[in-house]
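S.K.: Below you'll find protein-v3.txt; it's compact mmCIF, C-alpha atoms and all ligand atoms.
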# COMPACT_ATOMS: atom_id res chain seq x y z
CA MET A 116 47.58 -29.91 -142.28
CA SER A 117 44.35 -30.72 -144.07
CA ILE A 118 43.46 -34.00 -145.73
CA SER A 119 41.91 -33.82 -149.19
CA PHE A 120 40.83 -36.52 -151.62
CA GLU A 121 40.60 -34.30 -154.72
CA ASN A 122 41.36 -36.47 -157.78
CA LYS A 123 41.13 -39.64 -155.71
CA VAL A 124 38.76 -42.52 -156.41
CA ALA A 125 37.49 -44.61 -153.50
CA LEU A 126 35.50 -47.80 -153.04
CA VAL A 127 33.73 -48.28 -149.70
CA THR A 128 32.04 -51.63 -149.05
CA GLY A 129 29.07 -51.94 -146.70
CA ALA A 130 28.47 -48.21 -147.18
CA ALA A 131 24.67 -48.08 -146.84
CA ARG A 132 24.63 -47.57 -143.11
CA GLY A 133 26.67 -47.46 -139.92
CA LEU A 134 30.40 -46.91 -140.22
CA GLY A 135 30.64 -47.42 -143.98
CA ARG A 136 28.08 -44.67 -144.62
CA GLU A 137 30.02 -42.23 -142.43
CA HIS A 138 33.29 -43.10 -144.17
CA ALA A 139 31.75 -42.60 -147.62
CA LEU A 140 30.11 -39.27 -146.76
CA GLU A 141 33.33 -37.90 -145.28
CA LEU A 142 35.44 -38.99 -148.26
CA ALA A 143 32.88 -37.29 -150.54
CA ARG A 144 32.99 -34.07 -148.47
CA ARG A 145 36.75 -34.12 -148.93
CA GLY A 146 36.55 -34.38 -152.71
CA ALA A 147 36.71 -38.12 -153.49
CA ARG A 148 34.79 -39.77 -156.33
CA LEU A 149 33.17 -42.89 -154.98
CA VAL A 150 31.76 -46.30 -155.63
CA VAL A 151 29.56 -47.10 -152.65
CA ASN A 152 28.78 -50.77 -152.26
CA ASP A 153 26.21 -52.50 -150.08
CA PHE A 154 24.02 -55.51 -150.66
CA GLY A 155 21.49 -54.15 -148.17
CA GLY A 156 21.03 -57.12 -145.85
CA ALA A 157 20.13 -57.62 -142.22
CA VAL A 158 22.84 -57.79 -139.49
CA ASP A 159 23.13 -61.55 -140.01
CA GLY A 160 23.57 -61.13 -143.76
CA GLN A 161 20.14 -62.49 -144.72
CA SER A 162 17.95 -60.81 -147.37
CA ALA A 163 19.08 -58.05 -149.68
CA SER A 164 17.82 -54.73 -151.03
CA GLU A 165 19.21 -52.24 -153.51
CA THR A 166 17.44 -49.29 -151.90
CA ALA A 167 19.81 -48.84 -148.99
CA VAL A 168 22.87 -48.16 -151.10
CA GLU A 169 20.88 -45.98 -153.53
CA GLN A 170 19.90 -43.81 -150.57
CA VAL A 171 23.46 -43.14 -149.48
CA ALA A 172 24.46 -42.50 -153.09
CA SER A 173 21.79 -39.82 -153.45
CA GLU A 174 22.91 -38.25 -150.14
CA ILE A 175 26.42 -38.11 -151.55
CA ARG A 176 25.16 -36.55 -154.79
CA THR A 177 23.55 -33.73 -152.82
CA LEU A 178 27.03 -32.95 -151.49
CA GLY A 179 28.05 -32.36 -155.11
CA ALA A 180 30.29 -35.42 -155.30
CA GLU A 181 30.44 -38.00 -158.09
CA VAL A 182 29.20 -41.39 -156.95
CA ILE A 183 28.21 -44.79 -158.32
CA ALA A 184 26.05 -47.18 -156.30
CA ASP A 185 26.76 -50.91 -156.33
CA SER A 186 24.58 -53.54 -154.68
CA GLY A 187 26.86 -56.55 -155.11
CA SER A 188 28.01 -58.84 -152.32
CA VAL A 189 31.66 -58.72 -151.30
CA SER A 190 31.58 -62.45 -150.66
CA GLN A 191 31.05 -63.13 -154.38
CA PRO A 192 34.35 -62.81 -156.28
CA GLU A 193 32.62 -61.70 -159.49
CA ASP A 194 30.69 -58.97 -157.62
CA ALA A 195 33.96 -57.70 -156.10
CA GLU A 196 35.54 -57.57 -159.56
CA ALA A 197 32.48 -55.73 -160.90
CA MET A 198 32.53 -53.03 -158.19
CA VAL A 199 36.20 -52.25 -158.82
CA LYS A 200 35.52 -52.25 -162.58
CA LYS A 201 32.82 -49.62 -162.08
CA ALA A 202 35.38 -47.26 -160.54
CA VAL A 203 38.00 -47.96 -163.18
CA ASP A 204 35.57 -47.68 -166.11
CA ALA A 205 34.26 -44.36 -164.83
CA TRP A 206 37.45 -42.70 -163.62
CA GLY A 207 40.38 -44.83 -164.77
CA ARG A 208 41.72 -45.66 -161.33
CA VAL A 209 41.03 -46.78 -157.77
CA ASP A 210 43.08 -45.14 -155.02
CA ILE A 211 41.29 -46.10 -151.85
CA LEU A 212 39.59 -49.31 -150.76
CA ILE A 213 37.79 -49.48 -147.44
CA ASN A 214 36.88 -53.10 -146.69
CA ASN A 215 34.09 -52.39 -144.25
CA ALA A 216 31.16 -54.73 -145.11
CA GLY A 217 30.35 -57.05 -142.24
CA ILE A 218 27.79 -59.32 -140.63
CA LEU A 219 27.34 -61.08 -137.30
CA ARG A 220 26.24 -64.65 -136.63
CA ASP A 221 27.05 -64.96 -132.94
CA LYS A 222 26.82 -68.43 -131.35
CA SER A 223 28.70 -70.05 -128.50
CA PHE A 224 31.27 -72.47 -129.88
CA ALA A 225 29.41 -75.52 -128.56
CA LYS A 226 26.42 -74.60 -130.74
CA ILE A 227 27.91 -73.01 -133.84
CA SER A 228 27.32 -74.67 -137.22
CA ALA A 229 29.87 -74.81 -140.02
CA GLU A 230 27.52 -72.60 -142.04
CA GLU A 231 27.48 -69.92 -139.33
CA PHE A 232 31.27 -70.02 -139.08
CA GLU A 233 31.91 -70.04 -142.82
CA GLY A 234 29.31 -67.35 -143.55
CA VAL A 235 31.10 -64.85 -141.35
CA ILE A 236 34.53 -65.75 -142.73
CA ALA A 237 33.10 -65.40 -146.26
CA VAL A 238 31.99 -61.80 -145.78
CA HIS A 239 34.79 -60.34 -143.64
CA LEU A 240 37.89 -62.27 -144.60
CA LEU A 241 37.17 -63.61 -148.09
CA GLY A 242 35.16 -60.49 -148.99
CA SER A 243 38.14 -58.28 -148.11
CA PHE A 244 40.37 -60.64 -150.10
CA TYR A 245 38.15 -60.56 -153.20
CA CYS A 246 37.85 -56.76 -153.18
CA THR A 247 41.55 -56.23 -152.49
CA ARG A 248 42.56 -58.71 -155.18
CA ALA A 249 40.35 -56.88 -157.68
CA ALA A 250 41.81 -53.45 -156.82
CA TRP A 251 45.46 -54.54 -156.40
CA PRO A 252 46.58 -54.59 -160.08
CA PHE A 253 45.27 -51.05 -160.61
CA MET A 254 46.94 -49.78 -157.45
CA ARG A 255 50.23 -51.41 -158.47
CA GLU A 256 49.98 -50.00 -161.99
CA GLN A 257 49.36 -46.46 -160.75
CA ALA A 258 51.91 -46.91 -157.90
CA TYR A 259 49.45 -45.66 -155.32
CA GLY A 260 46.92 -47.26 -153.02
CA ARG A 261 45.42 -46.99 -149.58
CA ILE A 262 43.63 -50.06 -148.21
CA VAL A 263 41.78 -50.25 -144.90
CA MET A 264 40.81 -53.56 -143.32
CA THR A 265 38.07 -53.40 -140.72
CA SER A 266 39.22 -55.52 -137.81
CA SER A 267 37.69 -55.50 -134.33
CA PRO A 268 38.56 -55.62 -130.62
CA SER A 269 36.74 -58.99 -130.71
CA GLY A 270 39.40 -60.33 -133.05
CA LEU A 271 42.28 -58.80 -131.12
CA TYR A 272 41.11 -59.83 -127.66
CA GLY A 273 38.19 -62.26 -128.03
CA ASN A 274 34.51 -62.14 -127.18
CA PHE A 275 32.03 -64.76 -126.05
CA GLY A 276 30.05 -66.20 -128.94
CA GLN A 277 32.30 -64.78 -131.63
CA THR A 278 34.79 -67.50 -132.61
CA ASN A 279 33.72 -67.02 -136.24
CA TYR A 280 33.84 -63.22 -136.16
CA GLY A 281 37.07 -63.11 -134.12
CA ALA A 282 38.83 -65.53 -136.48
CA ALA A 283 37.80 -63.42 -139.48
CA LYS A 284 38.76 -60.14 -137.83
CA LEU A 285 42.21 -61.25 -136.69
CA GLY A 286 42.65 -63.00 -140.04
CA LEU A 287 42.42 -59.55 -141.58
CA VAL A 288 45.39 -58.45 -139.49
CA GLY A 289 47.41 -61.38 -140.81
CA PHE A 290 46.31 -60.48 -144.33
CA MET A 291 47.44 -56.88 -143.75
CA ASN A 292 50.79 -57.93 -142.30
CA SER A 293 51.85 -59.51 -145.56
CA LEU A 294 50.18 -56.96 -147.84
CA LYS A 295 52.02 -54.11 -146.10
CA ILE A 296 55.28 -55.77 -147.17
CA GLU A 297 54.18 -56.63 -150.72
CA GLY A 298 52.66 -53.19 -151.34
CA ALA A 299 55.41 -51.01 -149.88
CA LYS A 300 57.43 -50.57 -153.07
CA TYR A 301 54.29 -49.58 -155.01
CA ASN A 302 53.27 -46.99 -152.41
CA ILE A 303 50.32 -49.16 -151.45
CA HIS A 304 49.73 -48.82 -147.72
CA THR A 305 47.46 -51.26 -145.89
CA ASN A 306 46.20 -50.61 -142.39
CA ALA A 307 43.51 -51.95 -140.08
CA ILE A 308 40.92 -50.11 -138.04
CA ALA A 309 39.59 -51.72 -134.86
CA PRO A 310 36.51 -49.63 -134.08
CA VAL A 311 33.89 -49.28 -131.41
CA ALA A 312 30.81 -47.34 -132.54
CA THR A 313 27.09 -47.14 -132.11
CA THR A 314 25.47 -48.81 -135.10
CA ARG A 315 22.67 -51.35 -135.51
CA MET A 316 25.37 -54.00 -134.92
CA THR A 317 26.14 -52.77 -131.40
CA GLU A 318 23.09 -50.80 -130.23
CA SER A 319 21.76 -53.65 -128.11
CA LEU A 320 25.17 -54.41 -126.59
CA MET A 321 26.18 -51.17 -124.86
CA PRO A 322 24.49 -49.04 -122.16
CA GLU A 323 22.92 -45.70 -123.17
CA PRO A 324 25.72 -43.33 -121.99
CA VAL A 325 28.32 -45.39 -123.87
CA LEU A 326 26.13 -45.50 -126.99
CA LYS A 327 25.94 -41.69 -126.93
CA LYS A 328 29.72 -41.34 -126.77
CA MET A 329 30.60 -43.91 -129.44
CA LYS A 330 29.78 -41.79 -132.46
CA PRO A 331 30.56 -43.51 -135.80
CA GLU A 332 32.05 -40.28 -137.19
CA LEU A 333 34.78 -40.53 -134.56
CA VAL A 334 35.86 -43.82 -136.12
CA THR A 335 35.70 -42.18 -139.54
CA SER A 336 38.32 -39.61 -138.46
CA GLY A 337 40.78 -42.48 -137.97
CA VAL A 338 39.78 -44.16 -141.22
CA VAL A 339 40.14 -40.91 -143.20
CA PHE A 340 43.68 -40.60 -141.87
CA LEU A 341 44.42 -44.20 -142.94
CA CYS A 342 43.13 -43.35 -146.45
CA SER A 343 45.29 -40.25 -146.75
CA GLU A 344 48.65 -39.77 -148.45
CA GLN A 345 50.18 -39.51 -144.95
CA ALA A 346 48.86 -42.93 -143.93
CA PRO A 347 51.24 -45.29 -142.13
CA ASN A 348 51.65 -48.86 -143.39
CA GLY A 349 50.70 -51.90 -141.34
CA VAL A 350 49.16 -50.27 -138.28
CA ILE A 351 46.17 -51.46 -136.25
CA LEU A 352 44.44 -48.25 -135.24
CA GLN A 353 41.84 -48.54 -132.49
CA ALA A 354 39.15 -45.86 -132.49
CA ALA A 355 36.40 -45.53 -129.89
CA GLY A 356 34.45 -42.40 -128.97
CA GLY A 357 37.32 -40.02 -129.75
CA THR A 358 40.10 -42.08 -128.18
CA PHE A 359 42.68 -43.42 -130.62
CA SER A 360 45.38 -45.96 -129.87
CA VAL A 361 47.54 -48.47 -131.67
CA ALA A 362 47.43 -52.21 -130.98
CA ALA A 363 50.47 -54.28 -131.87
CA VAL A 364 51.77 -57.81 -131.72
CA VAL A 365 54.62 -57.80 -129.20
CA GLU A 366 57.07 -60.33 -127.87
CA ASN A 367 59.37 -60.62 -124.89
CA LYS A 368 63.08 -61.32 -124.93
CA GLY A 369 62.64 -65.07 -124.57
CA VAL A 370 64.42 -67.60 -122.42
CA ASP A 371 67.20 -69.75 -123.88
CA LEU A 372 66.71 -73.25 -122.48
CA GLY A 373 69.54 -74.74 -124.49
CA GLU A 374 69.88 -77.47 -127.08
CA ASP A 375 68.32 -80.14 -124.89
CA ALA A 376 65.25 -78.15 -123.90
CA SER A 377 62.50 -80.57 -122.92
CA ALA A 378 58.77 -80.12 -122.35
CA GLU A 379 59.47 -80.24 -118.62
CA ASP A 380 62.00 -77.40 -119.00
CA VAL A 381 59.38 -75.32 -120.77
CA ALA A 382 56.86 -76.09 -118.02
CA GLU A 383 59.36 -75.25 -115.30
CA HIS A 384 60.29 -71.91 -116.84
CA PHE A 385 56.87 -70.98 -118.09
CA GLU A 386 56.41 -68.12 -115.64
CA GLN A 387 59.57 -66.46 -116.97
CA ILE A 388 58.81 -67.38 -120.61
CA SER A 389 55.37 -65.82 -120.37
CA ASP A 390 56.47 -62.67 -118.54
CA ILE A 391 55.35 -59.84 -120.81
CA SER A 392 56.22 -56.99 -118.47
CA GLN A 393 59.10 -56.09 -120.82
CA VAL A 394 58.03 -56.40 -124.44
CA LYS A 395 58.77 -54.83 -127.77
CA PRO A 396 56.78 -54.84 -130.99
CA ARG A 397 57.99 -57.15 -133.68
CA SER A 398 57.96 -55.76 -137.19
CA GLY A 399 59.37 -56.44 -140.63
CA LEU A 400 59.73 -59.86 -142.15
CA SER A 401 58.48 -62.70 -140.04
CA LEU A 402 59.46 -66.35 -140.22
P1 LIG B 501 26.24 -52.24 -139.97
O1 LIG B 501 25.46 -53.50 -139.88
O2 LIG B 501 25.56 -50.96 -139.63
O3 LIG B 501 26.88 -52.08 -141.42
C1 LIG B 501 27.44 -53.14 -142.13
C2 LIG B 501 27.03 -52.99 -143.58
O4 LIG B 501 27.68 -54.02 -144.35
C3 LIG B 501 25.54 -53.15 -143.78
O5 LIG B 501 25.02 -52.02 -144.47
C4 LIG B 501 25.40 -54.44 -144.59
O6 LIG B 501 24.30 -54.42 -145.50
C5 LIG B 501 26.74 -54.47 -145.31
N1 LIG B 501 27.08 -55.82 -145.74
C6 LIG B 501 27.02 -56.96 -145.01
N2 LIG B 501 27.40 -58.00 -145.76
C7 LIG B 501 27.69 -57.53 -147.01
C8 LIG B 501 28.14 -58.11 -148.22
N3 LIG B 501 28.33 -59.43 -148.30
N4 LIG B 501 28.37 -57.32 -149.29
C9 LIG B 501 28.17 -55.97 -149.21
N5 LIG B 501 27.73 -55.36 -148.08
C10 LIG B 501 27.49 -56.12 -147.00
O7 LIG B 501 27.52 -52.44 -139.02
P2 LIG B 501 28.73 -51.47 -138.64
O8 LIG B 501 28.81 -51.46 -137.18
O9 LIG B 501 28.68 -50.21 -139.39
O10 LIG B 501 29.95 -52.37 -139.15
C11 LIG B 501 30.90 -51.96 -140.14
C12 LIG B 501 32.14 -52.79 -139.97
O11 LIG B 501 32.77 -52.47 -138.73
C13 LIG B 501 31.91 -54.30 -139.95
O12 LIG B 501 32.95 -54.95 -140.63
C14 LIG B 501 31.94 -54.63 -138.48
O13 LIG B 501 32.28 -55.97 -138.25
C15 LIG B 501 33.02 -53.67 -138.01
N6 LIG B 501 33.02 -53.39 -136.59
C16 LIG B 501 32.04 -52.62 -136.03
C17 LIG B 501 32.09 -52.34 -134.68
C18 LIG B 501 31.12 -51.44 -134.02
O14 LIG B 501 31.33 -51.11 -132.83
N7 LIG B 501 30.09 -50.97 -134.70
C19 LIG B 501 33.12 -52.95 -133.80
C20 LIG B 501 34.12 -53.68 -134.51
C21 LIG B 501 34.05 -53.90 -135.85
How does the structure come out when it is put into structure tokens?
Ligand code: NAI
M.R.:
Amino acid sequence: MSISFENKVALVTGAARGLGREHALELARRGARLVVNDFGGAVDGQSASETAVEQVASEIRTLGAEVIADSGSVSQPEDAEAMVKKAVDAWGRVDILINNAGILRDKSFAKISAEEFEGVIAVHLLGSFYCTRAAWPFMREQAYGRIVMTSSPSGLYGNFGQTNYGAAKLGLVGFMNSLKIEGAKYNIHTNAIAPVATTRMTESLMPEPVLKKMKPELVTSGVVFLCSEQAPNGVILQAAGGTFSVAAVVENKGVDLGEDASAEDVAEHFEQISDISQVKPRSGLSL
């Protein structure tokens, strides 16, 4: 089985460097026409430059692929609309959206400001919302779409100094969980990638041997699958240095404490209630 994106149009956000750049190049090699977006800022989202995204666009052109560069910010609704419009004006459709743009503003919770919290939510969570909202009507109309949310192990499991980032990244999973249901009948599949890769975002965080192993292109292999016609719907795919796994929300069987269950009953049975040695994933409609 080979995966091709001939006749497909893709938008990749945060595509100037790191993971987004790898995703865009690989989609181009496999025949996609692309809008590559990046506002060209530093890791913390400060400053901006159009050059970075122009560079990746010219790399893509040398591969013989059609590409449009966009230097808007995903956290501005009108910029998100404009980047989708570029794809639709040029090629009449948008099949694939990879919500990849991201920043870090790490701070321990005791010290974090509202601005540092909101800034990170604005790029990851609201940015993915704005871009997805802009692409959604076209995907519905053409009855085809593949959307990838970029989550993170930090969101799934937590990390010191990343309450803002973790909230945004797990928020994207919640966003996906409802979109997978709303998109199903239009053949719009939404999935999340939880990557680990060596990029400027992580290069100071991991030791040298790990950095060598965590090649961004190994995350791209998972993302390319999630962009393909064979993509599942509603999966959290973890990708790190060639190892792929699925993370899921699971629950245990529960303990029936009866109609008069009190707080003390819950406390008394908490060991049993919280026993997750026998769990199953929960899927479908939630409460
Ligand atoms: P990176 O810093 O190399 O790339 C992120 C890109 O997003 C940059 O080119 C930046 O200019 C762009 N960007 C930031 N804010 C933007 C905005 N408002 N509008 C448009 N573009 C914007 O980082 P990396 O590692 O490639 O990260 C890609 C995604 O993967 C991010 O969402 C990140 O949170 C996520 N991630 C990365 C992990 C890793 O191990 N590298 C781990 C878990 C998640």
S.K.: List as a list of chain:residue names: which residues have an atom within 9 Å of (29.5, -51.1, -146.1), counting all atoms listed in the file?
M.R.: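 Counting all atoms listed in the file, I find these residues within 9 Å of (29.5, -51.1, -146.1): A:Val127, A:Thr128, A:Gly129, A:Ala130, A:Ala131, A:Arg132, A:Gly133, A:Leu134, A:Gly135, A:Arg136, A:Ala139, A:Val151, A:Asn152, A:Asp153, A:Phe154, A:Gly155, A:Val168, A:Ile213, A:Asn214, A:Asn215, A:Ala216, A:Gly217.
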S.K.: Under the rule that only C-alpha atoms are counted, which of A:Ala283, A:Ala312, A:Val263, A:Ala307 is the nearest residue to Arg220 (chain A)?
M.R.: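 The closest residue to Arg220 (chain A) is A:Ala283.
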S.K.: Do a neighbour search on region 335-340 of chain A at 10 Å with only C-alpha atoms, toss out local chain neighbours closer than 4 positions, and write the hits as a ChimeraX atom specification.
M.R.: /A:118-120,134-142,145,213,262-265,306-310,312,330-331,344-347,352-355,357-360
S.K.: Would you write out those residues with C-alpha atoms, as a PDB file, keeping the file's coordinate frame?
M.R.:
ATOM      1  CA  ILE A 118      43.460 -34.000-145.730  1.00  0.00           C
ATOM      2  CA  SER A 119      41.910 -33.820-149.190  1.00  0.00           C
ATOM      3  CA  PHE A 120      40.830 -36.520-151.620  1.00  0.00           C
ATOM      4  CA  LEU A 134      30.400 -46.910-140.220  1.00  0.00           C
ATOM      5  CA  GLY A 135      30.640 -47.420-143.980  1.00  0.00           C
ATOM      6  CA  ARG A 136      28.080 -44.670-144.620  1.00  0.00           C
ATOM      7  CA  GLU A 137      30.020 -42.230-142.430  1.00  0.00           C
ATOM      8  CA  HIS A 138      33.290 -43.100-144.170  1.00  0.00           C
ATOM      9  CA  ALA A 139      31.750 -42.600-147.620  1.00  0.00           C
ATOM     10  CA  LEU A 140      30.110 -39.270-146.760  1.00  0.00           C
ATOM     11  CA  GLU A 141      33.330 -37.900-145.280  1.00  0.00           C
ATOM     12  CA  LEU A 142      35.440 -38.990-148.260  1.00  0.00           C
ATOM     13  CA  ARG A 145      36.750 -34.120-148.930  1.00  0.00           C
ATOM     14  CA  ILE A 213      37.790 -49.480-147.440  1.00  0.00           C
ATOM     15  CA  ILE A 262      43.630 -50.060-148.210  1.00  0.00           C
ATOM     16  CA  VAL A 263      41.780 -50.250-144.900  1.00  0.00           C
ATOM     17  CA  MET A 264      40.810 -53.560-143.320  1.00  0.00           C
ATOM     18  CA  THR A 265      38.070 -53.400-140.720  1.00  0.00           C
ATOM     19  CA  ASN A 306      46.200 -50.610-142.390  1.00  0.00           C
ATOM     20  CA  ALA A 307      43.510 -51.950-140.080  1.00  0.00           C
ATOM     21  CA  ILE A 308      40.920 -50.110-138.040  1.00  0.00           C
ATOM     22  CA  ALA A 309      39.590 -51.720-134.860  1.00  0.00           C
ATOM     23  CA  PRO A 310      36.510 -49.630-134.080  1.00  0.00           C
ATOM     24  CA  ALA A 312      30.810 -47.340-132.540  1.00  0.00           C
ATOM     25  CA  LYS A 330      29.780 -41.790-132.460  1.00  0.00           C
ATOM     26  CA  PRO A 331      30.560 -43.510-135.800  1.00  0.00           C
ATOM     27  CA  GLU A 344      48.650 -39.770-148.450  1.00  0.00           C
ATOM     28  CA  GLN A 345      50.180 -39.510-144.950  1.00  0.00           C
ATOM     29  CA  ALA A 346      48.860 -42.930-143.930  1.00  0.00           C
ATOM     30  CA  PRO A 347      51.240 -45.290-142.130  1.00  0.00           C
ATOM     31  CA  LEU A 352      44.440 -48.250-135.240  1.00  0.00           C
ATOM     32  CA  GLN A 353      41.840 -48.540-132.490  1.00  0.00           C
ATOM     33  CA  ALA A 354      39.150 -45.860-132.490  1.00  0.00           C
ATOM     34  CA  ALA A 355      36.400 -45.530-129.890  1.00  0.00           C
ATOM     35  CA  GLY A 357      37.320 -40.020-129.750  1.00  0.00           C
ATOM     36  CA  THR A 358      40.100 -42.080-128.180  1.00  0.00           C
ATOM     37  CA  PHE A 359      42.680 -43.420-130.620  1.00  0.00           C
ATOM     38  CA  SER A 360      45.380 -45.960-129.870  1.00  0.00           C
TER      39      SER A 360
END
S.K.: Rank nothing, just name the residue among A:Thr314, A:Ser173, A:Ser343, A:Thr305 nearest to ligand LIG 501 (chain B), using only C-alpha atoms and all ligand atoms.
M.R.: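 Checking each candidate against ligand LIG 501 (chain B), we get A:Thr314 as the closest.
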S.K.: Please determine, counting all atoms listed in the file, which residue among A:Thr177, A:Ser223, A:Thr317, A:Ser228 has the shortest atom-to-atom distance to ligand LIG 501 (chain B).
M.R.: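 Closest to ligand LIG 501 (chain B), using all atoms listed in the file: A:Thr317.
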S.K.: Just want the 8 Å neighbourhood of Ala125 (chain A), counted on only C-alpha atoms, with same-chain residues fewer than 2 positions away dropped. Output as number ranges by chain.
M.R.: A: 123, 127, 142, 147-150, 202, 209-213
S.K.: Generate a file of the selected residues that holds C-alpha atoms, formatted as a PDB file, in the frame of the given file.
M.R.:
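The file below, out-v7.pdb, is the result:
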ATOM      1  CA  LYS A 123      41.130 -39.640-155.710  1.00  0.00           C
ATOM      2  CA  VAL A 127      33.730 -48.280-149.700  1.00  0.00           C
ATOM      3  CA  LEU A 142      35.440 -38.990-148.260  1.00  0.00           C
ATOM      4  CA  ALA A 147      36.710 -38.120-153.490  1.00  0.00           C
ATOM      5  CA  ARG A 148      34.790 -39.770-156.330  1.00  0.00           C
ATOM      6  CA  LEU A 149      33.170 -42.890-154.980  1.00  0.00           C
ATOM      7  CA  VAL A 150      31.760 -46.300-155.630  1.00  0.00           C
ATOM      8  CA  ALA A 202      35.380 -47.260-160.540  1.00  0.00           C
ATOM      9  CA  VAL A 209      41.030 -46.780-157.770  1.00  0.00           C
ATOM     10  CA  ASP A 210      43.080 -45.140-155.020  1.00  0.00           C
ATOM     11  CA  ILE A 211      41.290 -46.100-151.850  1.00  0.00           C
ATOM     12  CA  LEU A 212      39.590 -49.310-150.760  1.00  0.00           C
ATOM     13  CA  ILE A 213      37.790 -49.480-147.440  1.00  0.00           C
TER      14      ILE A 213
END
S.K.: Which of these residues is nearest to ligand LIG 501 (chain B), using all atoms listed in the file: A:Val350, A:Val203, A:Ala282, A:Val365?
M.R.: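 Residue with the minimum atom-to-atom distance to ligand LIG 501 (chain B): A:Ala282.
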S.K.: Pick from A:Met291, A:Ala299, A:Ala363, A:Val235: nearest to Tyr272 (chain A), with only C-alpha atoms counted?
M.R.: A:Ala363
S.K.: For a test of reading the model, state the distance in Å between CA of Leu285 (chain A) and atom C1 of ligand LIG 501 (chain B), rounded to one decimal.
M.R.: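 Those two atoms sit 17.7 Å apart.
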